[in-house]
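Single-structure report; data block below.
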Amino acid sequence: MEYARLVDTYELLGRTSGRLKKVGAIASLLEDTPAPLLQRVVLLLQGTVFPAWSDREIGIANQLMIKAIALATGFSEQDVVARFTASGDLGKVIDDLTSRKRQRTLASRRLTVEKVVENLQAVAAVEGKGAVDRKLSLVTELLSFATPAEAKYIVRTTLGTLRVGVAEGVIRDAIARAFFADVVWGPRAAAVEAEGLRIIAEDGMALDRRLRERNRVVTRPAGEIGKLDLWKPAGKTDLVIVKDDTLGARLKAAVTDAIEMAWYLRSDYGEIARIAKERGLRGLESIGLEPGKPYHVLLSEKAPSLEAALAAYPNAALEWKYDGARLSIHKQGDRVWLFTRRLEDVTAQFPEVAAWTKQAIAAKEAIVEGEMLGFRQGKPMPFQFLSQRIKRKYDIEQIAKEIPVQVNLFDIVSLDGASLFRMPQRERWALLQRVVKPIPGKLQFARHLETTDAQQAAAFYREALAAAQEGLMVKNQDAAYQPGRRVGYWLKVKPTMENLDLAIIGGVWGTGKRTGWFGSLVLGCRDGETFRECGMIGTGIKEKGKGVTFEELTALLKPLVTAERGNQVTIRPHVVVEVGYEEIQRSPTYSSGFALRFPRVVRLRPDKGPQEADDLERVRRLYSLQARQASPAGIATKGPHV
Ligand code: AMP
């Protein structure tokens, strides 16, 4: 398939802001794409060549791309750099340079989707001696065959800066539109404009005369329409028009729900598009959990207090909310896979967990979930400490000694080939107890308490906090397990942190959409007369619309810049922002010794001068409030159900 077809779609997407038009453009591309190529085309649409859960990256930075552009276009690197500084987008740079270079003979060979994906995936795989040259030649090869527009998108995809606004929801709707009949009902039915479609309308509907003339319209009773197969190849229908809201909404939801569920189970819209094209709704509905394939786990909602959480679910089960990493443990015969909540495969990093799993689970096939904690000198450490082990790809044995782990299991979602999603929480917990023979201190059950008594619940909560854990999970025991969902199943209860008022003391010039603005800012807390860094912030600031915008902040901060180095600037403390965050962490990177986890701008504080910003002492105090002394014994002891 020609890459140019994809480029036409990118251009169209770039020009349109309407969601429906975007969905239409992508749907038509998907319809034209042969099934074996759908996976690659969908990845490229999302600006990448690897699925979201893959840890592979193309791994080319601006510097190398500048070289590649110079090589491919014959312009000097200085030329490329000068243009890059002006526009902030190397994609635009190569587009301009190749368009200007008229003498270039048009390549006789056309670039294909296959070739683009092959080369970019190969770039990621290159290692060892001569790697840089090899990467360079793989990219240059693509660029020298490309038309200016193609080159622009290849550069952006390679650098990970392609932003054409293809959100996941848009792809989901485009898959529905491409392979299933659309359904329209109620007032929208009267406004349908279509041409050349196969339409089924409900009996007795007053349809526009032009609609009848321009399309092939047949009518059917509602009962028959309710049983229609909406998959285009089976139902031979592009559009269904009904009177009744309930029927219309039900038909439409059957398709979107199936695609969404398939996404939670497979997390790869390319594969889902292929299944939809080849096997329709039945194909999508037959997607189940499979050991070795990561799925989106069930998430939790935040409860304002323990009392509120207990009131929400009359038969709640309480569990410690451990501060570690969610682990989905898959076992099939002798094989074990470990996936994080972000669907990364971390099996290689935790060989001991795989060994415990084989020892503790006798069943041939099972998928269980738990929270993994990292320890230092017998004490459980916060998540960020464990994350060092998650990231480490070498010297596994050494780091396993330095950071021993423990897994606290809390759920089972599949047993011997059967998904347990529909089984209520209560029964899944009971089944987990039967399937796993715990190894105390290593692979054990989460601390679990079934009570309606407020005092007992409060004592359990205090115990979890005293053991340096985050708080409690309050679980609806009657609820099923819905992959990827957040509302109605589990409530988390944890102490909330007070916001901090911090001064902005530095910034980094943005790229891509944030070109011309500070894309992220350095936060500072007061320490006597000076300010100390306590992290970077880019969240909570809007590109446009209501709230604090990048433009507004940049205008406020630009006159305060005192020094500039590369894309980084130092800013005289003057502007104060209120910052929300999840947690304060120790950090060697910032001069205060602390960093905020998930910081977000809540609002500007024009009423406060820098001298009224929060000081290091307050950050320290909040940190120690949150880091209650751990009781290692508390973590290692067994829960009441063990
Ligand atoms: P949050 O990330 O704050 O939305 O909280 C949800 C996360 O809490 C889950 O993804 C798990 O990683 C973690 N967690 C810790 N203990 C438990 C537990 N007992 N049950 C469920 N999730 C837990």
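Identifiers in the structure tokens: chain A, B, ... in order shown; residue index from 1 per chain; ligand index from 1 in order shown.
Excluding Lys321 in chain A and any residue on its chain fewer than 6 positions from it, the residues at most 6 Å away by only C-alpha atoms are Glu470, Gly471, Leu472 and Met473 of chain A.
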#### Entry: Sel. of alpha helix (DSSP H) residues, range 439-481 of chain A, as a PyMOL selection string
chain A and resi 454-466
Restricting it to N, CA and C atoms, dump the selection as a CSV table (one decimal), in the first residue's frame.
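After the write, part_1.csv holds the following:
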chain,number,residue,atom,x,y,z
A,454,ALA,N,-17.7,0.7,61.4
A,454,ALA,CA,-16.9,1.9,61.1
A,454,ALA,C,-15.6,1.9,61.9
A,455,GLN,N,-15.7,1.5,63.1
A,455,GLN,CA,-14.5,1.5,64.0
A,455,GLN,C,-13.4,0.5,63.6
A,456,GLN,N,-13.9,-0.7,63.2
A,456,GLN,CA,-13.0,-1.7,62.8
A,456,GLN,C,-12.3,-1.3,61.5
A,457,ALA,N,-13.1,-0.7,60.6
A,457,ALA,CA,-12.6,-0.2,59.3
A,457,ALA,C,-11.5,0.9,59.5
A,458,ALA,N,-11.8,1.8,60.5
A,458,ALA,CA,-10.9,2.9,60.7
A,458,ALA,C,-9.6,2.4,61.3
A,459,ALA,N,-9.7,1.3,62.2
A,459,ALA,CA,-8.4,0.8,62.7
A,459,ALA,C,-7.6,0.1,61.6
A,460,PHE,N,-8.3,-0.5,60.7
A,460,PHE,CA,-7.6,-1.2,59.6
A,460,PHE,C,-6.9,-0.2,58.7
A,461,TYR,N,-7.6,1.0,58.5
A,461,TYR,CA,-7.0,2.1,57.7
A,461,TYR,C,-5.7,2.6,58.4
A,462,ARG,N,-5.8,2.8,59.7
A,462,ARG,CA,-4.7,3.3,60.4
A,462,ARG,C,-3.5,2.3,60.3
A,463,GLU,N,-3.8,1.1,60.4
A,463,GLU,CA,-2.8,0.0,60.3
A,463,GLU,C,-2.1,0.1,59.0
A,464,ALA,N,-2.9,0.3,57.9
A,464,ALA,CA,-2.3,0.4,56.6
A,464,ALA,C,-1.3,1.6,56.5
A,465,LEU,N,-1.8,2.7,57.0
A,465,LEU,CA,-1.0,3.9,56.9
A,465,LEU,C,0.3,3.8,57.8
A,466,ALA,N,0.1,3.1,59.0
A,466,ALA,CA,1.3,3.0,59.8
A,466,ALA,C,2.3,2.0,59.2
### Message
Show me which residues line ligand 1, defined as having an atom within 9 Å of a ligand atom where only C-alpha atoms and all ligand atoms count, and present them as a PyMOL selection string.
### Response
chain A and resi 297-302+318-327+340-341+369-372+408-411+446-448+469-475+486+490-494+582
Go ahead and write the residues just picked, C-alpha atoms, as a PDB file, in the first residue's frame.
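Contents of result_4.pdb, as written:
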ATOM      1  CA  VAL A 297      -6.871  -3.771  34.422  1.00  0.00           C
ATOM      2  CA  LEU A 298      -9.826  -2.625  36.490  1.00  0.00           C
ATOM      3  CA  LEU A 299      -9.124   0.713  38.162  1.00  0.00           C
ATOM      4  CA  SER A 300     -10.450   2.536  41.166  1.00  0.00           C
ATOM      5  CA  GLU A 301     -12.224   5.763  41.904  1.00  0.00           C
ATOM      6  CA  LYS A 302     -11.274   8.111  44.673  1.00  0.00           C
ATOM      7  CA  LEU A 318     -11.546  -3.601  52.657  1.00  0.00           C
ATOM      8  CA  GLU A 319      -8.000  -4.177  51.579  1.00  0.00           C
ATOM      9  CA  TRP A 320      -4.771  -2.415  52.214  1.00  0.00           C
ATOM     10  CA  LYS A 321      -3.922  -0.171  49.312  1.00  0.00           C
ATOM     11  CA  TYR A 322      -0.275  -0.996  48.877  1.00  0.00           C
ATOM     12  CA  ASP A 323       2.121   1.554  47.443  1.00  0.00           C
ATOM     13  CA  GLY A 324       3.790  -0.488  44.756  1.00  0.00           C
ATOM     14  CA  ALA A 325       3.221  -1.598  41.196  1.00  0.00           C
ATOM     15  CA  ARG A 326       0.143  -3.373  39.904  1.00  0.00           C
ATOM     16  CA  LEU A 327       1.130  -6.734  38.555  1.00  0.00           C
ATOM     17  CA  THR A 340       2.389  -3.826  34.663  1.00  0.00           C
ATOM     18  CA  ARG A 341      -0.711  -1.701  34.632  1.00  0.00           C
ATOM     19  CA  GLU A 369      -3.416  -9.789  40.050  1.00  0.00           C
ATOM     20  CA  GLY A 370      -1.601  -8.207  42.935  1.00  0.00           C
ATOM     21  CA  GLU A 371       0.502  -5.281  44.045  1.00  0.00           C
ATOM     22  CA  MET A 372       4.268  -5.697  44.094  1.00  0.00           C
ATOM     23  CA  ASN A 408       0.280  -9.117  47.603  1.00  0.00           C
ATOM     24  CA  LEU A 409      -2.419 -10.820  45.565  1.00  0.00           C
ATOM     25  CA  PHE A 410      -5.959  -9.500  45.472  1.00  0.00           C
ATOM     26  CA  ASP A 411      -7.759 -10.879  42.417  1.00  0.00           C
ATOM     27  CA  ALA A 446      -3.360  -8.753  50.352  1.00  0.00           C
ATOM     28  CA  ARG A 447      -4.531  -7.807  53.844  1.00  0.00           C
ATOM     29  CA  HIS A 448      -8.292  -8.134  53.529  1.00  0.00           C
ATOM     30  CA  GLN A 469       1.036   1.994  52.657  1.00  0.00           C
ATOM     31  CA  GLU A 470      -1.255   4.397  50.824  1.00  0.00           C
ATOM     32  CA  GLY A 471      -4.559   3.695  52.496  1.00  0.00           C
ATOM     33  CA  LEU A 472      -7.405   1.321  51.772  1.00  0.00           C
ATOM     34  CA  MET A 473      -9.228  -0.110  48.771  1.00  0.00           C
ATOM     35  CA  VAL A 474     -12.914  -0.488  49.447  1.00  0.00           C
ATOM     36  CA  LYS A 475     -14.327  -3.096  47.082  1.00  0.00           C
ATOM     37  CA  ARG A 486     -12.922   2.875  36.959  1.00  0.00           C
ATOM     38  CA  TRP A 490     -13.384  -0.200  43.808  1.00  0.00           C
ATOM     39  CA  LEU A 491     -13.001   2.985  45.836  1.00  0.00           C
ATOM     40  CA  LYS A 492      -9.627   4.149  47.057  1.00  0.00           C
ATOM     41  CA  VAL A 493      -9.290   5.951  50.333  1.00  0.00           C
ATOM     42  CA  LYS A 494      -6.107   7.814  51.078  1.00  0.00           C
ATOM     43  CA  GLU A 582      -0.050  13.076  44.491  1.00  0.00           C
TER      44      GLU A 582
END
#### Entry: Straight-line distance linking CA of Asp32 in chain A with CA of Arg177 in chain A, stated in Å to one decimal
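Atom-to-atom, CA of Asp32 in chain A to CA of Arg177 in chain A, that is 12.8 Å.
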### Task
Compare A:Leu449, A:Val218, A:Ile94, A:Leu12 by their minimum atom-to-atom distance to Leu71 in chain A, counting only C-alpha atoms, and give me the closest one.
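With only C-alpha atoms as the atom set, the closest residue is A:Ile94.
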### Message
Using DSSP assignments from the backbone, pull out every residue in range 8-243 of chain A that falls under strand (DSSP E or B) and give it to me as number ranges by chain.
### Response
A: 112, 180, 182-185, 198-202, 216-220, 231, 239-242
### Task
Would you list the contacts of Ile241 in chain A as a count of residues only, taking every protein, DNA or RNA residue within 12 Å and counting only C-alpha atoms, but skipping same-chain residues closer than 6 positions in sequence?
39
